[in-house]
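Trainee: First, the structure itself, so that you have it in front of you.
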Amino acid sequence: MFDVRAVPQTRPQMRPGIERITPYKPGESQLPGHDRVIKLASNESALGASPRAIEAAQAALADAALYPDGGCAALRAALAEHHGVAADQLVCGAGSEQLLSLLVRAYAGPGDEVLQSQHAFMVYRIAADAQGAHNVFAPERDARVDVDALLDRVTEKTRLVFVANPGNPTGTWIGRRALRRLRAGLPARVLLVIDGAYADYPDDPEFSDGHDLVAEAIAAQADNVVVTRTFSKAYGLAGLRVGYLYGPPSVVEPLNRIREVFNVTAPSQAAALAALADQAHLAQTLAHNRREIDRLGAFLADRGYKTSPSGANFLLVHFDTAERAQAADAHLREQGIIVRPVAGYGLPQCLRVTVGAEADNDAFMTALDAF
Ligand SMILES: Cc1ncc(COP(=O)(O)O)c(C=O)c1O
């Protein structure tokens, strides 16, 4: 018979792996002694959401007593049309982060490996640790994903490969051919996840958001590549938490089984639908980003700072040393400006600076000049 006194533990034990997790530290939004701060730390949209999206969310609040549509039917239909895929090839999440974590939950567990590059977005490793899977990191070259290094680290245990294109916190991207070479070099049983959180931004014709790879996989009934996208960045809806994934139905279906039933709130679905319909606002956002990133880039180059090429809405600024980066961060904070230290990503000599509104970028440049 079960004898509870024979159980040696004196308290509930969490799964191994969870103690390895360093909690994700979001960008701060307050500074002591400053009533108003300029936050350039979380890659939020400088122009905010489409006013139509805000109106739609507000209107949806009237039905706050009702559960949302758990299948996000209207939003999925609009997104499927937008990307030229079928509705059963698409699933929505509370931010793309939720879908990234669900992918790990569905495909990796203890003893499995989750492969990513050196400075990859933190959520991948947190999700893998939470499942007891092992994180494997491939070195980057000049803060850019190195396809050969990734392929070199594939083993029998590799289950998932995450590539953000463009990457965060680097902002760098790989081109169509490189992405295709990565997929072609991976065993068919390895699921390639192309994280397109910033895929709206690049204007390089060689850039690929992975859509063609997904379309080919679907056509060939291959189950091994998906794309994730978000409304948090270029659509300016980070606070409402809407992301989506599209790919072969064989990958979408298990995610539908394990996701929370009502994972995207009704105001969020309504806002995302309206935001998607307002492509003029998206175009304005992208034009602003290009203009301002060029202006910030030119200023930083003029002052002798190196920046990584950015296909996103932020710049990775390189300082001579980690101490200089820390000192610059402290100086900016004194001026009421919050940027993002990225030592946790193995880049202690860098700061990540989100492209803000014109006046906020001016304030950043003035403050950095005084440093
Ligand atoms: C590379 C990358 N992927 C995914 C996300 C998650 O975004 P969200 O959960 O808001 O869709 C982020 C957010 O910063 C990101 O930088």
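Convention: chains lettered A, B, ... in structure tokens order; per-chain residue numbering from 1; ligands numbered from 1 as shown.
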Give the residue list for ligand 1 at 10 Å, counting only C-alpha atoms and all ligand atoms, as a VMD selection string, sorted by chain and then by residue number.
Mentor: chain A and resid 26 to 27 42 to 44 93 to 101 120 to 124 162 to 171 194 to 199 228 to 233 236 to 244 312
Trainee: Restricting it to N, CA and C atoms, dump the selection as a short mmCIF file (atom, residue, chain, number, x, y, z; two decimals), in the first residue's frame.
Mentor:
```
data_model
loop_
_atom_site.label_atom_id
_atom_site.label_comp_id
_atom_site.auth_asym_id
_atom_site.auth_seq_id
_atom_site.Cartn_x
_atom_site.Cartn_y
_atom_site.Cartn_z
N PRO A 26 11.24 41.80 -19.30
CA PRO A 26 10.73 42.73 -20.32
C PRO A 26 11.37 44.10 -20.17
N GLY A 27 11.34 44.90 -21.24
CA GLY A 27 11.87 46.26 -21.17
C GLY A 27 11.13 47.05 -20.11
N SER A 42 11.39 48.02 -26.09
CA SER A 42 10.61 46.79 -26.29
C SER A 42 10.15 46.56 -27.72
N ASN A 43 10.75 47.28 -28.66
CA ASN A 43 10.42 47.10 -30.08
C ASN A 43 8.93 47.26 -30.35
N GLU A 44 8.31 48.19 -29.59
CA GLU A 44 6.91 48.50 -29.86
C GLU A 44 6.84 49.47 -31.04
N GLY A 93 -2.75 32.80 -31.69
CA GLY A 93 -2.30 32.65 -30.31
C GLY A 93 -2.31 33.98 -29.59
N ALA A 94 -2.15 33.92 -28.27
CA ALA A 94 -2.04 35.12 -27.45
C ALA A 94 -0.61 35.64 -27.60
N GLY A 95 -0.37 36.31 -28.71
CA GLY A 95 0.99 36.66 -29.10
C GLY A 95 1.62 35.46 -29.79
N SER A 96 2.61 35.73 -30.64
CA SER A 96 3.28 34.59 -31.28
C SER A 96 4.07 33.80 -30.24
N GLU A 97 4.42 34.46 -29.15
CA GLU A 97 5.16 33.79 -28.08
C GLU A 97 4.43 32.53 -27.61
N GLN A 98 3.10 32.63 -27.49
CA GLN A 98 2.34 31.47 -27.04
C GLN A 98 2.50 30.30 -28.03
N LEU A 99 2.51 30.62 -29.30
CA LEU A 99 2.61 29.57 -30.31
C LEU A 99 4.01 28.96 -30.34
N LEU A 100 5.02 29.81 -30.11
CA LEU A 100 6.40 29.29 -30.05
C LEU A 100 6.52 28.29 -28.90
N SER A 101 5.93 28.64 -27.76
CA SER A 101 5.98 27.73 -26.61
C SER A 101 5.18 26.46 -26.87
N ALA A 120 19.81 34.02 -30.23
CA ALA A 120 18.39 33.85 -30.56
C ALA A 120 17.48 34.43 -29.48
N PHE A 121 16.27 34.75 -29.88
CA PHE A 121 15.24 35.29 -28.98
C PHE A 121 15.06 34.35 -27.79
N MET A 122 15.01 34.96 -26.60
CA MET A 122 15.05 34.23 -25.33
C MET A 122 13.90 33.22 -25.12
N VAL A 123 12.77 33.50 -25.72
CA VAL A 123 11.59 32.65 -25.48
C VAL A 123 11.84 31.20 -25.91
N TYR A 124 12.66 30.99 -26.95
CA TYR A 124 12.89 29.61 -27.41
C TYR A 124 13.54 28.78 -26.29
N PHE A 162 14.77 26.86 -34.41
CA PHE A 162 14.13 28.18 -34.43
C PHE A 162 15.06 29.18 -35.12
N VAL A 163 14.52 29.87 -36.11
CA VAL A 163 15.26 30.98 -36.71
C VAL A 163 14.33 32.18 -36.80
N ALA A 164 14.70 33.25 -36.12
CA ALA A 164 13.94 34.49 -36.29
C ALA A 164 14.56 35.24 -37.46
N ASN A 165 13.72 35.65 -38.40
CA ASN A 165 14.22 36.35 -39.58
C ASN A 165 13.32 37.54 -39.87
N PRO A 166 13.79 38.76 -39.59
CA PRO A 166 15.03 39.16 -38.92
C PRO A 166 15.07 38.72 -37.45
N GLY A 167 16.28 38.72 -36.92
CA GLY A 167 16.47 38.26 -35.55
C GLY A 167 16.28 39.37 -34.53
N ASN A 168 16.01 38.96 -33.32
CA ASN A 168 15.99 39.86 -32.16
C ASN A 168 16.90 39.23 -31.13
N PRO A 169 17.88 39.91 -30.59
CA PRO A 169 18.14 41.36 -30.61
C PRO A 169 19.09 41.85 -31.70
N THR A 170 19.42 41.04 -32.70
CA THR A 170 20.44 41.49 -33.65
C THR A 170 19.87 42.40 -34.73
N GLY A 171 18.64 42.12 -35.18
CA GLY A 171 18.05 42.87 -36.30
C GLY A 171 18.50 42.36 -37.66
N ILE A 194 10.21 29.33 -38.57
CA ILE A 194 10.70 30.63 -39.03
C ILE A 194 9.86 31.70 -38.33
N ASP A 195 10.50 32.38 -37.38
CA ASP A 195 9.81 33.37 -36.55
C ASP A 195 9.87 34.71 -37.27
N GLY A 196 8.72 35.11 -37.77
CA GLY A 196 8.64 36.35 -38.56
C GLY A 196 8.08 37.52 -37.79
N ALA A 197 8.44 37.63 -36.52
CA ALA A 197 7.90 38.76 -35.72
C ALA A 197 8.21 40.10 -36.38
N TYR A 198 9.37 40.19 -37.06
CA TYR A 198 9.78 41.45 -37.70
C TYR A 198 9.75 41.36 -39.22
N ALA A 199 9.08 40.33 -39.75
CA ALA A 199 9.17 40.08 -41.20
C ALA A 199 8.47 41.15 -42.04
N THR A 228 5.79 31.81 -37.95
CA THR A 228 4.99 32.52 -36.94
C THR A 228 5.07 34.02 -37.24
N ARG A 229 3.96 34.70 -37.00
CA ARG A 229 3.89 36.15 -37.22
C ARG A 229 3.16 36.80 -36.05
N THR A 230 3.24 38.10 -35.99
CA THR A 230 2.62 38.78 -34.84
C THR A 230 1.99 40.12 -35.22
N PHE A 231 1.00 40.52 -34.43
CA PHE A 231 0.43 41.87 -34.55
C PHE A 231 1.11 42.83 -33.57
N SER A 232 2.13 42.35 -32.86
CA SER A 232 2.72 43.16 -31.79
C SER A 232 3.68 44.24 -32.29
N LYS A 233 4.25 44.05 -33.46
CA LYS A 233 5.32 44.95 -33.89
C LYS A 233 4.79 45.96 -34.91
N GLY A 236 1.38 47.29 -34.25
CA GLY A 236 1.23 48.11 -33.05
C GLY A 236 0.21 47.60 -32.04
N LEU A 237 0.03 46.28 -31.93
CA LEU A 237 -0.96 45.75 -30.99
C LEU A 237 -0.34 44.88 -29.89
N ALA A 238 0.88 45.23 -29.47
CA ALA A 238 1.58 44.38 -28.49
C ALA A 238 0.75 44.14 -27.23
N GLY A 239 0.01 45.17 -26.81
CA GLY A 239 -0.76 45.06 -25.57
C GLY A 239 -1.95 44.12 -25.68
N LEU A 240 -2.38 43.83 -26.88
CA LEU A 240 -3.57 42.98 -27.04
C LEU A 240 -3.22 41.52 -27.27
N ARG A 241 -1.97 41.21 -27.52
CA ARG A 241 -1.49 39.83 -27.59
C ARG A 241 -2.17 39.01 -28.68
N VAL A 242 -1.80 39.27 -29.92
CA VAL A 242 -2.28 38.44 -31.02
C VAL A 242 -1.12 38.07 -31.93
N GLY A 243 -0.94 36.78 -32.11
CA GLY A 243 0.02 36.27 -33.07
C GLY A 243 -0.62 35.12 -33.82
N TYR A 244 0.07 34.61 -34.82
CA TYR A 244 -0.47 33.46 -35.52
C TYR A 244 0.66 32.65 -36.13
N ALA A 312 14.68 45.41 -39.00
CA ALA A 312 13.59 45.40 -38.03
C ALA A 312 13.27 46.83 -37.58
#
```
Trainee: Against segment 247-258 of chain A, which residues of segment 68-158 of chain A fall within 8 Å? For each one I want the closest pair of atoms and the distance in Å (one decimal), counting only C-alpha atoms, rows by chain and increasing residue number, as a tab-separated table.
Mentor:
```
residue	atom	partner	partner_atom	distance
A:Asp88	CA	A:Pro249	CA	6.0
A:Gln89	CA	A:Pro249	CA	4.8
A:Leu90	CA	A:Val252	CA	6.4
A:Val91	CA	A:Val252	CA	6.3
A:Leu99	CA	A:Leu255	CA	7.8
A:Leu102	CA	A:Leu255	CA	6.5
A:Leu103	CA	A:Leu255	CA	7.1
A:Ala106	CA	A:Pro254	CA	7.0
```
Trainee: A:Asp200, A:Asp148, A:Glu140, A:Glu156: which is nearest Thr285 of chain A, counting only C-alpha atoms?
Mentor: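 Residue with the minimum atom-to-atom distance to Thr285 of chain A: A:Asp200.
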Trainee: Could you go through segment 35-178 of chain A and tell me which residues DSSP, when run on the backbone, assigns to strand (DSSP E or B), listing them as a list in words?
Mentor: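 Strand (DSSP E or B) assignments inside segment 35-178 of chain A correspond to Ile38, Lys39, Leu90, Val91, Cys92, Gly93, Glu113, Val114, Leu115, Gln116, Ser117, His134, Asn135, Val136, Phe137, Ala138, Arg141, Arg144, Thr158, Arg159, Leu160, Val161, Phe162, Val163, Ala164 and Gly175 of chain A.
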Trainee: Can I get the selection written as a compact mmCIF listing (two decimals), in the first residue's frame, with N, CA, C and O atoms?
Mentor:
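The resulting file, out32.txt, is reproduced below:
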```
# COMPACT_ATOMS: atom_id res chain seq x y z
N ILE A 38 11.07 58.07 -21.98
CA ILE A 38 11.04 57.70 -23.39
C ILE A 38 11.48 56.25 -23.45
O ILE A 38 12.61 55.92 -23.08
N LYS A 39 10.56 55.39 -23.87
CA LYS A 39 10.86 53.96 -23.84
C LYS A 39 11.20 53.47 -25.23
O LYS A 39 10.33 53.44 -26.12
N LEU A 90 -3.75 27.52 -40.39
CA LEU A 90 -3.42 28.70 -39.59
C LEU A 90 -4.03 28.61 -38.19
O LEU A 90 -5.17 28.16 -38.04
N VAL A 91 -3.27 28.98 -37.19
CA VAL A 91 -3.78 28.99 -35.81
C VAL A 91 -3.34 30.30 -35.15
O VAL A 91 -2.23 30.79 -35.38
N CYS A 92 -4.25 30.88 -34.35
CA CYS A 92 -3.93 32.15 -33.68
C CYS A 92 -3.53 31.89 -32.23
O CYS A 92 -3.94 30.90 -31.62
N GLY A 93 -2.75 32.80 -31.69
CA GLY A 93 -2.30 32.65 -30.31
C GLY A 93 -2.31 33.98 -29.59
O GLY A 93 -2.45 35.05 -30.21
N GLU A 113 16.54 17.82 -28.39
CA GLU A 113 17.31 19.06 -28.54
C GLU A 113 16.54 20.09 -29.36
O GLU A 113 15.88 19.75 -30.34
N VAL A 114 16.64 21.32 -28.90
CA VAL A 114 16.04 22.46 -29.59
C VAL A 114 17.21 23.33 -30.05
O VAL A 114 17.98 23.84 -29.24
N LEU A 115 17.32 23.46 -31.37
CA LEU A 115 18.49 24.14 -31.94
C LEU A 115 18.13 25.58 -32.32
O LEU A 115 17.08 25.84 -32.89
N GLN A 116 19.05 26.47 -32.02
CA GLN A 116 18.84 27.89 -32.32
C GLN A 116 20.21 28.55 -32.44
O GLN A 116 21.22 27.93 -32.11
N SER A 117 20.23 29.79 -32.88
CA SER A 117 21.54 30.40 -33.01
C SER A 117 21.87 31.20 -31.75
O SER A 117 21.01 31.47 -30.91
N HIS A 134 16.74 20.05 -24.25
CA HIS A 134 18.08 20.61 -24.15
C HIS A 134 18.27 21.67 -25.23
O HIS A 134 17.98 21.44 -26.40
N ASN A 135 18.75 22.85 -24.82
CA ASN A 135 19.02 23.91 -25.79
C ASN A 135 20.39 23.73 -26.41
O ASN A 135 21.37 23.55 -25.69
N VAL A 136 20.46 23.82 -27.73
CA VAL A 136 21.75 23.77 -28.43
C VAL A 136 21.88 25.08 -29.21
O VAL A 136 20.93 25.50 -29.89
N PHE A 137 23.05 25.72 -29.06
CA PHE A 137 23.27 27.02 -29.71
C PHE A 137 24.36 26.92 -30.77
O PHE A 137 25.42 26.35 -30.52
N ALA A 138 24.10 27.49 -31.93
CA ALA A 138 25.12 27.55 -32.99
C ALA A 138 25.67 28.96 -33.04
O ALA A 138 24.89 29.92 -32.96
N ARG A 141 27.71 34.60 -37.09
CA ARG A 141 28.84 35.30 -37.69
C ARG A 141 28.44 36.76 -37.81
O ARG A 141 27.43 37.06 -38.46
N ARG A 144 24.88 37.46 -37.11
CA ARG A 144 23.94 37.01 -38.14
C ARG A 144 23.87 35.49 -38.10
O ARG A 144 24.88 34.83 -37.87
N THR A 158 17.79 16.27 -32.43
CA THR A 158 17.21 17.58 -32.78
C THR A 158 15.75 17.41 -33.19
O THR A 158 15.44 16.60 -34.06
N ARG A 159 14.89 18.18 -32.56
CA ARG A 159 13.46 18.12 -32.90
C ARG A 159 12.99 19.39 -33.59
O ARG A 159 12.14 19.35 -34.47
N LEU A 160 13.53 20.52 -33.12
CA LEU A 160 13.06 21.82 -33.61
C LEU A 160 14.26 22.73 -33.88
O LEU A 160 15.24 22.69 -33.14
N VAL A 161 14.15 23.53 -34.93
CA VAL A 161 15.14 24.59 -35.16
C VAL A 161 14.37 25.90 -35.24
O VAL A 161 13.41 26.01 -36.01
N PHE A 162 14.77 26.86 -34.41
CA PHE A 162 14.13 28.18 -34.43
C PHE A 162 15.06 29.18 -35.12
O PHE A 162 16.23 29.30 -34.74
N VAL A 163 14.52 29.87 -36.11
CA VAL A 163 15.26 30.98 -36.71
C VAL A 163 14.33 32.18 -36.80
O VAL A 163 13.28 32.10 -37.45
N ALA A 164 14.70 33.25 -36.12
CA ALA A 164 13.94 34.49 -36.29
C ALA A 164 14.56 35.24 -37.46
O ALA A 164 15.77 35.43 -37.52
N GLY A 175 19.01 35.68 -46.26
CA GLY A 175 18.26 35.78 -47.52
C GLY A 175 17.57 34.48 -47.88
O GLY A 175 17.70 33.45 -47.20
```
Trainee: Show which residues sit within 6 Å of Phe319 of chain A, as JSON, numbers by chain. Count only C-alpha atoms, and ignore same-chain residues fewer than 3 positions away.
Mentor: {"A": [325, 349, 350]}
Trainee: Those same residues, written as a PDB file, in the first residue's frame with all heavy atoms?
Mentor:
```pdb
ATOM      1  N   ALA A 325      29.097  50.306 -22.771  1.00  0.00           N
ATOM      2  CA  ALA A 325      27.657  50.095 -23.021  1.00  0.00           C
ATOM      3  C   ALA A 325      26.862  50.336 -21.740  1.00  0.00           C
ATOM      4  O   ALA A 325      25.825  51.013 -21.754  1.00  0.00           O
ATOM      5  CB  ALA A 325      27.413  48.685 -23.554  1.00  0.00           C
ATOM      6  N   GLN A 349      28.428  44.179 -24.807  1.00  0.00           N
ATOM      7  CA  GLN A 349      28.988  45.437 -25.328  1.00  0.00           C
ATOM      8  C   GLN A 349      27.986  46.187 -26.200  1.00  0.00           C
ATOM      9  O   GLN A 349      28.336  47.173 -26.832  1.00  0.00           O
ATOM     10  CB  GLN A 349      30.284  45.150 -26.112  1.00  0.00           C
ATOM     11  CG  GLN A 349      30.127  44.522 -27.489  1.00  0.00           C
ATOM     12  CD  GLN A 349      29.689  43.050 -27.474  1.00  0.00           C
ATOM     13  OE1 GLN A 349      29.261  42.507 -26.465  1.00  0.00           O
ATOM     14  NE2 GLN A 349      29.779  42.403 -28.624  1.00  0.00           N
ATOM     15  N   CYS A 350      26.743  45.697 -26.229  1.00  0.00           N
ATOM     16  CA  CYS A 350      25.731  46.302 -27.119  1.00  0.00           C
ATOM     17  C   CYS A 350      24.530  46.820 -26.340  1.00  0.00           C
ATOM     18  O   CYS A 350      24.240  46.360 -25.236  1.00  0.00           O
ATOM     19  CB  CYS A 350      25.206  45.259 -28.109  1.00  0.00           C
ATOM     20  SG  CYS A 350      26.460  44.640 -29.240  1.00  0.00           S
TER      21      CYS A 350
END
```
Trainee: Point out the residue among A:Ser308, A:Asn289, A:Thr155, A:Asn224 with the least atom-to-atom distance to Arg352 of chain A, counting only C-alpha atoms.
Mentor: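 Closest to Arg352 of chain A of all the choices is A:Ser308.
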Trainee: Which polymer residues have any atom within 10 Å of an atom of segment 264-267 of chain A, counting only C-alpha atoms, with same-chain residues fewer than 5 positions away left out, as a PyMOL selection string?
Mentor: chain A and resi 53-64+66-72+92-95+240-243+272-273
Trainee: Can you pull out the residues contacting Pro23 of chain A? Cut-off 9 Å, using only C-alpha atoms, and skip same-chain residues under 2 positions away; I want them as a PyMOL selection string.
Mentor: chain A and resi 21+25+126
Trainee: Please, could you write that set of residues out with N, CA and C atoms as an mmCIF file, in the first residue's frame?
Mentor:
```
data_model
loop_
_atom_site.group_PDB
_atom_site.id
_atom_site.type_symbol
_atom_site.label_atom_id
_atom_site.label_comp_id
_atom_site.auth_asym_id
_atom_site.auth_seq_id
_atom_site.Cartn_x
_atom_site.Cartn_y
_atom_site.Cartn_z
ATOM 1 N N ILE A 21 15.809 28.112 -15.803
ATOM 2 C CA ILE A 21 15.257 29.265 -16.529
ATOM 3 C C ILE A 21 15.562 30.568 -15.796
ATOM 4 N N LYS A 25 13.140 39.116 -18.929
ATOM 5 C CA LYS A 25 13.037 40.443 -18.327
ATOM 6 C C LYS A 25 12.518 41.421 -19.392
ATOM 7 N N ILE A 126 13.633 29.408 -23.079
ATOM 8 C CA ILE A 126 12.766 29.275 -21.903
ATOM 9 C C ILE A 126 11.748 28.163 -22.146
#
```
Trainee: Out of A:Ala77, A:Leu151, A:Ala359, A:Val190, which residue has the shortest atom-to-atom distance to Ala108 of chain A when counting only C-alpha atoms?
Mentor: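 So, comparing all the options, the nearest one is A:Val190.
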Trainee: Expressed in Å to a single decimal, how great is the separation between atom CA of Ala301 of chain A and atom CA of Glu28 of chain A?
Mentor: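 So the answer is 26.7 Å.
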Trainee: As a PDB file with C-alpha atoms, in the first residue's frame, please: the residues near Tyr201 of chain A (cut-off 8 Å, only C-alpha atoms, same-chain neighbours under 5 positions excluded).
Mentor:
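For reference, out-v4.pdb as written:
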```pdb
ATOM      1  CA  ALA A 234       4.448  46.624 -37.205  1.00  0.00           C
ATOM      2  CA  LEU A 286       6.945  50.952 -42.295  1.00  0.00           C
ATOM      3  CA  GLY A 311      15.771  44.677 -41.036  1.00  0.00           C
ATOM      4  CA  ALA A 312      13.593  45.395 -38.026  1.00  0.00           C
ATOM      5  CA  ASN A 313      12.308  48.329 -35.921  1.00  0.00           C
TER       6      ASN A 313
END
```
Trainee: My list of candidates is A:Ala287, A:Val147, A:Ala80, A:Phe371. Which is closest to Ala330 of chain A when distances are computed with only C-alpha atoms?
Mentor: A:Phe371
Trainee: Just checking: using only C-alpha atoms, which residue out of A:Ala343, A:Leu368, A:Leu282, A:Val226 ends up closest to Ala46 of chain A?
Mentor: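 Comparing A:Ala343, A:Leu368, A:Leu282, A:Val226 against Ala46 of chain A, the winner is A:Leu282.
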Trainee: Hey, what's within 9 Å of Ala222 of chain A if we count only C-alpha atoms and toss same-chain stuff fewer than 3 positions away? As a list in words, please?
Mentor: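 In the requested format, the answer is Ala188, Glu216, Ala217, Ile218, Ala219, Val225, Pro248 and Ser250 of chain A.
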Trainee: Going by DSSP on the backbone, which residues of segment 12-259 of chain A come out as alpha helix (DSSP H)? List them as JSON, numbers by chain.
Mentor: {"A": [51, 52, 53, 54, 55, 56, 57, 58, 59, 60, 73, 74, 75, 76, 77, 78, 79, 80, 81, 82, 83, 96, 97, 98, 99, 100, 101, 102, 103, 104, 105, 106, 107, 122, 123, 124, 125, 126, 127, 128, 129, 130, 147, 148, 149, 150, 151, 152, 176, 177, 178, 179, 180, 181, 182, 183, 184, 185, 211, 212, 213, 214, 215, 216, 217, 218, 219, 249, 250, 251, 252, 253, 254, 255, 256, 257, 258]}
Trainee: Next, write the just-selected residues to a file, as a short mmCIF file (atom, residue, chain, number, x, y, z; two decimals), in the first residue's frame, keeping C-alpha atoms as the atom set.
Mentor:
```cif
data_model
loop_
_atom_site.label_atom_id
_atom_site.label_comp_id
_atom_site.auth_asym_id
_atom_site.auth_seq_id
_atom_site.Cartn_x
_atom_site.Cartn_y
_atom_site.Cartn_z
CA PRO A 51 -7.22 53.95 -34.88
CA ARG A 52 -9.63 51.51 -36.56
CA ALA A 53 -8.14 48.67 -34.53
CA ILE A 54 -8.63 50.58 -31.28
CA GLU A 55 -12.24 51.36 -32.23
CA ALA A 56 -12.90 47.72 -33.05
CA ALA A 57 -11.46 46.58 -29.70
CA GLN A 58 -13.57 49.15 -27.87
CA ALA A 59 -16.73 48.07 -29.68
CA ALA A 60 -16.00 44.42 -28.84
CA ALA A 73 -12.74 32.05 -37.35
CA ALA A 74 -13.10 35.55 -38.81
CA LEU A 75 -9.51 36.52 -38.09
CA ARG A 76 -8.17 33.22 -39.39
CA ALA A 77 -10.18 33.55 -42.60
CA ALA A 78 -8.81 37.06 -43.19
CA LEU A 79 -5.24 36.00 -42.41
CA ALA A 80 -5.53 32.90 -44.59
CA GLU A 81 -6.63 35.08 -47.49
CA HIS A 82 -3.89 37.61 -46.76
CA HIS A 83 -1.21 34.91 -46.96
CA SER A 96 3.28 34.59 -31.28
CA GLU A 97 5.16 33.79 -28.08
CA GLN A 98 2.34 31.47 -27.04
CA LEU A 99 2.61 29.57 -30.31
CA LEU A 100 6.40 29.29 -30.05
CA SER A 101 5.98 27.73 -26.61
CA LEU A 102 3.20 25.43 -27.80
CA LEU A 103 5.45 24.19 -30.61
CA VAL A 104 8.07 23.17 -28.08
CA ARG A 105 5.42 21.54 -25.91
CA ALA A 106 4.10 19.57 -28.88
CA TYR A 107 7.44 18.52 -30.37
CA MET A 122 15.05 34.23 -25.33
CA VAL A 123 11.59 32.65 -25.48
CA TYR A 124 12.89 29.61 -27.41
CA ARG A 125 15.27 28.59 -24.67
CA ILE A 126 12.77 29.27 -21.90
CA ALA A 127 10.16 27.13 -23.66
CA ALA A 128 12.67 24.31 -24.17
CA ASP A 129 13.85 24.38 -20.56
CA ALA A 130 10.25 24.36 -19.37
CA VAL A 147 23.31 28.32 -41.65
CA ASP A 148 26.36 26.04 -41.77
CA ALA A 149 26.93 26.37 -38.04
CA LEU A 150 23.29 25.43 -37.42
CA LEU A 151 23.48 22.43 -39.75
CA ASP A 152 26.71 21.30 -38.07
CA ARG A 176 16.02 33.47 -49.46
CA ARG A 177 18.79 31.16 -50.59
CA ALA A 178 20.27 30.76 -47.12
CA LEU A 179 16.88 29.94 -45.62
CA ARG A 180 16.23 27.41 -48.36
CA ARG A 181 19.66 25.87 -47.81
CA LEU A 182 18.86 25.52 -44.12
CA ARG A 183 15.59 23.69 -44.78
CA ALA A 184 17.23 21.50 -47.43
CA GLY A 185 20.09 20.58 -45.09
CA HIS A 211 6.29 31.82 -47.01
CA ASP A 212 7.56 30.03 -50.13
CA LEU A 213 9.10 27.24 -48.02
CA VAL A 214 5.82 26.74 -46.17
CA ALA A 215 3.83 26.74 -49.42
CA GLU A 216 6.17 24.13 -50.90
CA ALA A 217 5.99 21.97 -47.78
CA ILE A 218 2.18 22.08 -47.84
CA ALA A 219 2.12 21.20 -51.54
CA PRO A 249 -2.31 21.22 -41.18
CA SER A 250 -0.45 18.30 -39.58
CA VAL A 251 1.43 20.83 -37.41
CA VAL A 252 -1.47 23.21 -36.89
CA GLU A 253 -3.78 20.45 -35.71
CA PRO A 254 -1.81 19.35 -32.61
CA LEU A 255 -1.43 22.99 -31.59
CA ASN A 256 -5.21 23.34 -31.72
CA ARG A 257 -5.45 20.35 -29.41
CA ILE A 258 -3.14 21.69 -26.74
#
```
Trainee: Quote the spacing between atom CA of Leu245 of chain A and atom CA of Arg153 of chain A in Å to one decimal place.
Mentor: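 Separation between atom CA of Leu245 of chain A and atom CA of Arg153 of chain A: 25.6 Å.
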Trainee: Find the residue from A:Glu206, A:Glu334, A:Asp142, A:Glu358 that sits nearest to His318 of chain A; use only C-alpha atoms when measuring.
Mentor: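 Answer, going by the shortest atom-to-atom distance: A:Asp142.
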Trainee: Could you tell me how far atom CA of Ala328 of chain A sits from atom CA of Ala367 of chain A, in Å to one decimal place?
Mentor: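 Separation between atom CA of Ala367 of chain A and atom CA of Ala328 of chain A: 9.4 Å.
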